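K.L.:
Here's a structure for you.
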Amino acid sequence: MTAPQRDKLPAGEAGTTPLVSRQPGQATTVVSAGSVQFGAEKVVVIGGPCAVENTDQITSIARQVATAGGSMLRGGAWKPRTSPYAFQGLGRDGLALLAQARQASGLPFVTEVLDPRDVMAVAEVADMLQIGSRSVQNFPLLREVGASGKPVLLKRGMMPTIDEWLNAAEYIMAAGGSDVVFCERGIRTFETALRNTLDLGAIAVLRERTHLPVIVDPSHAAGSRRYVTTLARAAVAAGADGLLVETHNDPGNALSDADQSLTPEEFAELTTSCRAIARAIGRDL
């Protein structure tokens, strides 16, 4: 009886190399989302709330992220929640509020899309589409965002291996998407001290195996704001091309992920400390 085979990246069409694979000597692909470039010299810092709640909240946070040195805004218009009774987001109303916040702050924004039927509506407004951890193997959704013409932020799920994660990106690129950014956000292990276990080794592996940029979400890995900055520093030192950080103007009353959201002041401290690390390794932030 032969041993089961690992789910390796498939050969491309007619046996060609997979689209996500890095060729010998190939530089990292620079992915542009609005005015932001992932994979260039500058480490990108994305800040914003887990969920868009109202006009004042998202506009205020967007301005504070910009002031603190953030390059891009994040915010969920649709929110996949473990409980069906938890706040699910404002949907298309939230998308409109993100567009207003972009105008007020000058920051392009990334937001998650959950349903293939919503992809084109989101793509018409957002600067970048996010595939969340629960959707990383929703193959119809991956194909739809790949055909949208917009850059895609592809989060790692709680359980997929790196091979499975790379295959998810291959679905997007095979459908026509050329601009994909990986986002490591921690995986589920036996350890319970943090919400998830941040796999910093994945940064090194992806840098070797793919030409696409990789960023890190320290917020979902930590699950507690007191650890977020430490994990963010480690990610920059390990070579991440960016950070995705949850920040809220009133974390204690946030409708989603309150415990791991930084205050604007804490977000500013994070960017300052990470900038020093980035410059120490020859980058900027």
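Ordered as shown in the structure tokens, chains take letters A, B, and onward, while each chain numbers its residues from 1 and ligands are numbered from 1 in the order shown.
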Might you pull out every residue within 8 Å of Ala169 (chain A), with only C-alpha atoms counted and same-chain residues fewer than 3 positions away left off, and present them as a VMD selection string?
P.N.:
chain A and resid 20 142 154 165 to 166 172 to 173 180
K.L.:
Could you write those residues out with N, CA and C atoms, as a CSV table (one decimal), in the first residue's frame?
P.N.:
```csv
chain,number,residue,atom,x,y,z
A,20,VAL,N,1.8,30.7,-9.5
A,20,VAL,CA,2.3,31.3,-8.2
A,20,VAL,C,3.8,31.0,-7.9
A,142,LEU,N,-13.0,32.0,-5.1
A,142,LEU,CA,-11.6,32.3,-5.5
A,142,LEU,C,-11.6,32.5,-7.0
A,154,LEU,N,-5.2,37.4,0.2
A,154,LEU,CA,-5.6,36.0,0.5
A,154,LEU,C,-5.1,35.6,1.8
A,165,TRP,N,-2.6,26.5,0.8
A,165,TRP,CA,-2.7,28.0,0.7
A,165,TRP,C,-2.2,28.4,-0.7
A,166,LEU,N,-1.1,27.9,-1.1
A,166,LEU,CA,-0.6,28.2,-2.5
A,166,LEU,C,-1.6,27.8,-3.6
A,172,ILE,N,-7.0,31.6,-8.0
A,172,ILE,CA,-7.3,33.0,-8.3
A,172,ILE,C,-6.5,33.4,-9.6
A,173,MET,N,-5.3,32.9,-9.7
A,173,MET,CA,-4.4,33.3,-10.9
A,173,MET,C,-4.9,32.6,-12.1
A,180,VAL,N,-1.9,39.0,-6.3
A,180,VAL,CA,-2.4,38.3,-5.1
A,180,VAL,C,-1.3,38.6,-4.0
```
K.L.:
Any chance you could tabulate, as a tab-separated table, the residues of region 95-198 of chain A at most 10 Å from region 35-53 of chain A with each one's nearest atom pair and distance in Å to one decimal, using only C-alpha atoms, in chain and rising number order?
P.N.:
```
residue	atom	partner	partner_atom	distance
A:Leu95	CA	A:Val52	CA	8.4
A:Leu97	CA	A:Val52	CA	7.7
A:Leu98	CA	A:Val52	CA	7.6
A:Gly106	CA	A:Ser35	CA	9.5
A:Leu107	CA	A:Ser35	CA	8.2
A:Pro108	CA	A:Ser35	CA	7.0
A:Phe109	CA	A:Ile46	CA	8.5
A:Val110	CA	A:Ile46	CA	8.7
A:Thr111	CA	A:Ala51	CA	9.5
A:Asp127	CA	A:Ser35	CA	9.3
A:Asp179	CA	A:Phe38	CA	9.7
A:Val180	CA	A:Phe38	CA	9.5
A:Val181	CA	A:Phe38	CA	7.5
```
K.L.:
Just the number, please: distance in Å from CA of Thr230 (chain A) to CA of Leu270 (chain A), one decimal.
P.N.:
8.6 Å
K.L.:
With the cut-off set at 12 Å and counting only C-alpha atoms, tabulate each residue of region 185-268 of chain A with an atom at most that distance from an atom of region 143-153 of chain A, showing the nearest atom pair and its distance in Å to one decimal, ordered by chain and increasing number, as a tab-separated table.
P.N.:
```
residue	atom	partner	partner_atom	distance
A:Arg185	CA	A:Leu153	CA	11.9
A:Leu212	CA	A:Leu153	CA	10.8
A:Pro213	CA	A:Leu153	CA	9.8
A:Val214	CA	A:Leu153	CA	9.3
A:Ile215	CA	A:Leu153	CA	9.1
A:Val216	CA	A:Leu153	CA	10.9
A:Asp217	CA	A:Leu153	CA	11.3
A:Gly242	CA	A:Leu153	CA	11.4
A:Leu243	CA	A:Leu153	CA	11.7
A:Leu244	CA	A:Leu153	CA	10.3
```
K.L.:
From the set A:Leu262, A:Leu114, A:Ala62, A:Ala204, which residue has the shortest atom-to-atom contact distance to Pro140 (chain A), counting only C-alpha atoms?
P.N.:
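Counting only C-alpha atoms, the residue closest to Pro140 (chain A) is A:Leu114.
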K.L.:
Please give the complete set of residues from region 72-234 of chain A that DSSP, run on the backbone, assigns to strand (DSSP E), formatted as a list of chain:residue names.
P.N.:
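Secondary structure check on region 72-234 of chain A, strand (DSSP E): A:Met72, A:Leu73, A:Arg74, A:Phe109, A:Val110, A:Thr111, A:Glu112, A:Met128, A:Leu129, A:Gln130, A:Ile131, A:Val152, A:Leu153, A:Leu154, A:Lys155, A:Val180, A:Val181, A:Phe182, A:Cys183, A:Glu184, A:Val214, A:Ile215, A:Val216.
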K.L.:
Need the shell around Gly69 (chain A): protein/DNA/RNA residues with any atom at most 9 Å away, counting only C-alpha atoms. Skip same-chain ones fewer than 5 positions apart. Format as a VMD selection string?
P.N.:
chain A and resid 45 64 268 271 to 272 285
K.L.:
So, counting only C-alpha atoms, which residue among A:Ala232, A:Ile131, A:Leu255, A:Val136 is closest to Ala168 (chain A)?
P.N.:
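The shortest atom-to-atom distance to Ala168 (chain A) comes from A:Val136.
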K.L.:
Could you check which of A:Gln26, A:Ser83, A:Ser32, A:Thr229 is closest to Cys274 (chain A), using only C-alpha atoms?
P.N.:
A:Thr229
K.L.:
Please provide as a list in words all residues within 10 Å of Ser135 (chain A), with the sequence filter that same-chain residues fewer than 2 positions apart are discarded (counting only C-alpha atoms).
P.N.:
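My reading of the contact set: Pro80, Glu112, Val113, Leu114, Asp115, Gln130, Ile131, Gly132, Ser133, Gln137, Asn138, Phe139, Pro140, Leu141, Leu142, Leu154, Lys155, Arg156, Gly157 and Ala168 of chain A.
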K.L.:
Using only C-alpha atoms, which residue out of A:Leu129, A:Asp163, A:Leu19, A:Asp118 lies closest to Gly34 (chain A)?
P.N.:
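Distance minimum relative to Gly34 (chain A) lands on A:Leu129.
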K.L.:
Where does DSSP see helix (DSSP H, G or I) in region 78-184 of chain A, if you list the residues as a count of residues only?
P.N.:
46
K.L.:
Compare A:Gly223, A:Gly177, A:Gly25, A:Pro218 by their minimum atom-to-atom distance to Ala193 (chain A), counting only C-alpha atoms, and give me the closest one.
P.N.:
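Looking at the shortest contact to Ala193 (chain A), the residue is A:Gly223.
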K.L.:
Which of these residues is nearest to Ser21 (chain A), using only C-alpha atoms: A:Asn253, A:Thr210, A:Thr161, A:Ser261?
P.N.:
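Result for the nearest residue to Ser21 (chain A): A:Thr210.
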K.L.:
Pick out the residues sitting within 10 Å of Leu198 (chain A), and hand them over as an MDAnalysis selection string; count only C-alpha atoms, and ignore anything fewer than 5 positions along from it in its own chain.
P.N.:
chainID A and resid 184:189 216:222 231 235
K.L.:
Keeping only N, CA and C atoms, write the selected residues as a PDB file, in the first residue's frame.
P.N.:
```
ATOM      1  N   GLU A 184      -0.600  35.855   6.288  1.00  0.00           N
ATOM      2  CA  GLU A 184      -0.496  34.895   7.385  1.00  0.00           C
ATOM      3  C   GLU A 184      -1.185  35.489   8.611  1.00  0.00           C
ATOM      4  N   ARG A 185      -2.095  34.721   9.240  1.00  0.00           N
ATOM      5  CA  ARG A 185      -2.842  35.252  10.382  1.00  0.00           C
ATOM      6  C   ARG A 185      -2.910  34.274  11.555  1.00  0.00           C
ATOM      7  N   GLY A 186      -2.020  33.290  11.532  1.00  0.00           N
ATOM      8  CA  GLY A 186      -2.000  32.328  12.620  1.00  0.00           C
ATOM      9  C   GLY A 186      -2.827  31.106  12.286  1.00  0.00           C
ATOM     10  N   ILE A 187      -2.385  29.969  12.784  1.00  0.00           N
ATOM     11  CA  ILE A 187      -3.064  28.698  12.541  1.00  0.00           C
ATOM     12  C   ILE A 187      -3.489  28.081  13.863  1.00  0.00           C
ATOM     13  N   ARG A 188      -4.408  27.152  13.793  1.00  0.00           N
ATOM     14  CA  ARG A 188      -4.921  26.496  14.995  1.00  0.00           C
ATOM     15  C   ARG A 188      -4.005  25.347  15.384  1.00  0.00           C
ATOM     16  N   THR A 189      -3.496  25.385  16.606  1.00  0.00           N
ATOM     17  CA  THR A 189      -2.648  24.322  17.135  1.00  0.00           C
ATOM     18  C   THR A 189      -3.177  23.925  18.505  1.00  0.00           C
ATOM     19  N   VAL A 216       1.431  40.003   7.205  1.00  0.00           N
ATOM     20  CA  VAL A 216       1.052  39.301   8.434  1.00  0.00           C
ATOM     21  C   VAL A 216      -0.036  40.072   9.172  1.00  0.00           C
ATOM     22  N   ASP A 217      -1.002  39.338   9.685  1.00  0.00           N
ATOM     23  CA  ASP A 217      -2.057  39.886  10.544  1.00  0.00           C
ATOM     24  C   ASP A 217      -1.750  39.471  11.977  1.00  0.00           C
ATOM     25  N   PRO A 218      -1.100  40.338  12.773  1.00  0.00           N
ATOM     26  CA  PRO A 218      -0.776  39.972  14.151  1.00  0.00           C
ATOM     27  C   PRO A 218      -1.985  40.010  15.080  1.00  0.00           C
ATOM     28  N   SER A 219      -3.046  40.687  14.668  1.00  0.00           N
ATOM     29  CA  SER A 219      -4.218  40.848  15.532  1.00  0.00           C
ATOM     30  C   SER A 219      -4.942  39.521  15.742  1.00  0.00           C
ATOM     31  N   HIS A 220      -5.220  38.811  14.635  1.00  0.00           N
ATOM     32  CA  HIS A 220      -5.930  37.542  14.756  1.00  0.00           C
ATOM     33  C   HIS A 220      -5.046  36.447  15.343  1.00  0.00           C
ATOM     34  N   ALA A 221      -3.744  36.581  15.168  1.00  0.00           N
ATOM     35  CA  ALA A 221      -2.849  35.613  15.803  1.00  0.00           C
ATOM     36  C   ALA A 221      -2.843  35.801  17.322  1.00  0.00           C
ATOM     37  N   ALA A 222      -2.813  37.054  17.755  1.00  0.00           N
ATOM     38  CA  ALA A 222      -2.716  37.345  19.190  1.00  0.00           C
ATOM     39  C   ALA A 222      -4.034  37.123  19.915  1.00  0.00           C
ATOM     40  N   LEU A 231       4.111  40.813  18.115  1.00  0.00           N
ATOM     41  CA  LEU A 231       4.035  39.943  16.945  1.00  0.00           C
ATOM     42  C   LEU A 231       4.271  40.726  15.658  1.00  0.00           C
ATOM     43  N   ALA A 235       7.130  40.000  12.816  1.00  0.00           N
ATOM     44  CA  ALA A 235       6.786  39.794  11.411  1.00  0.00           C
ATOM     45  C   ALA A 235       7.643  40.670  10.500  1.00  0.00           C
TER      46      ALA A 235
END
```
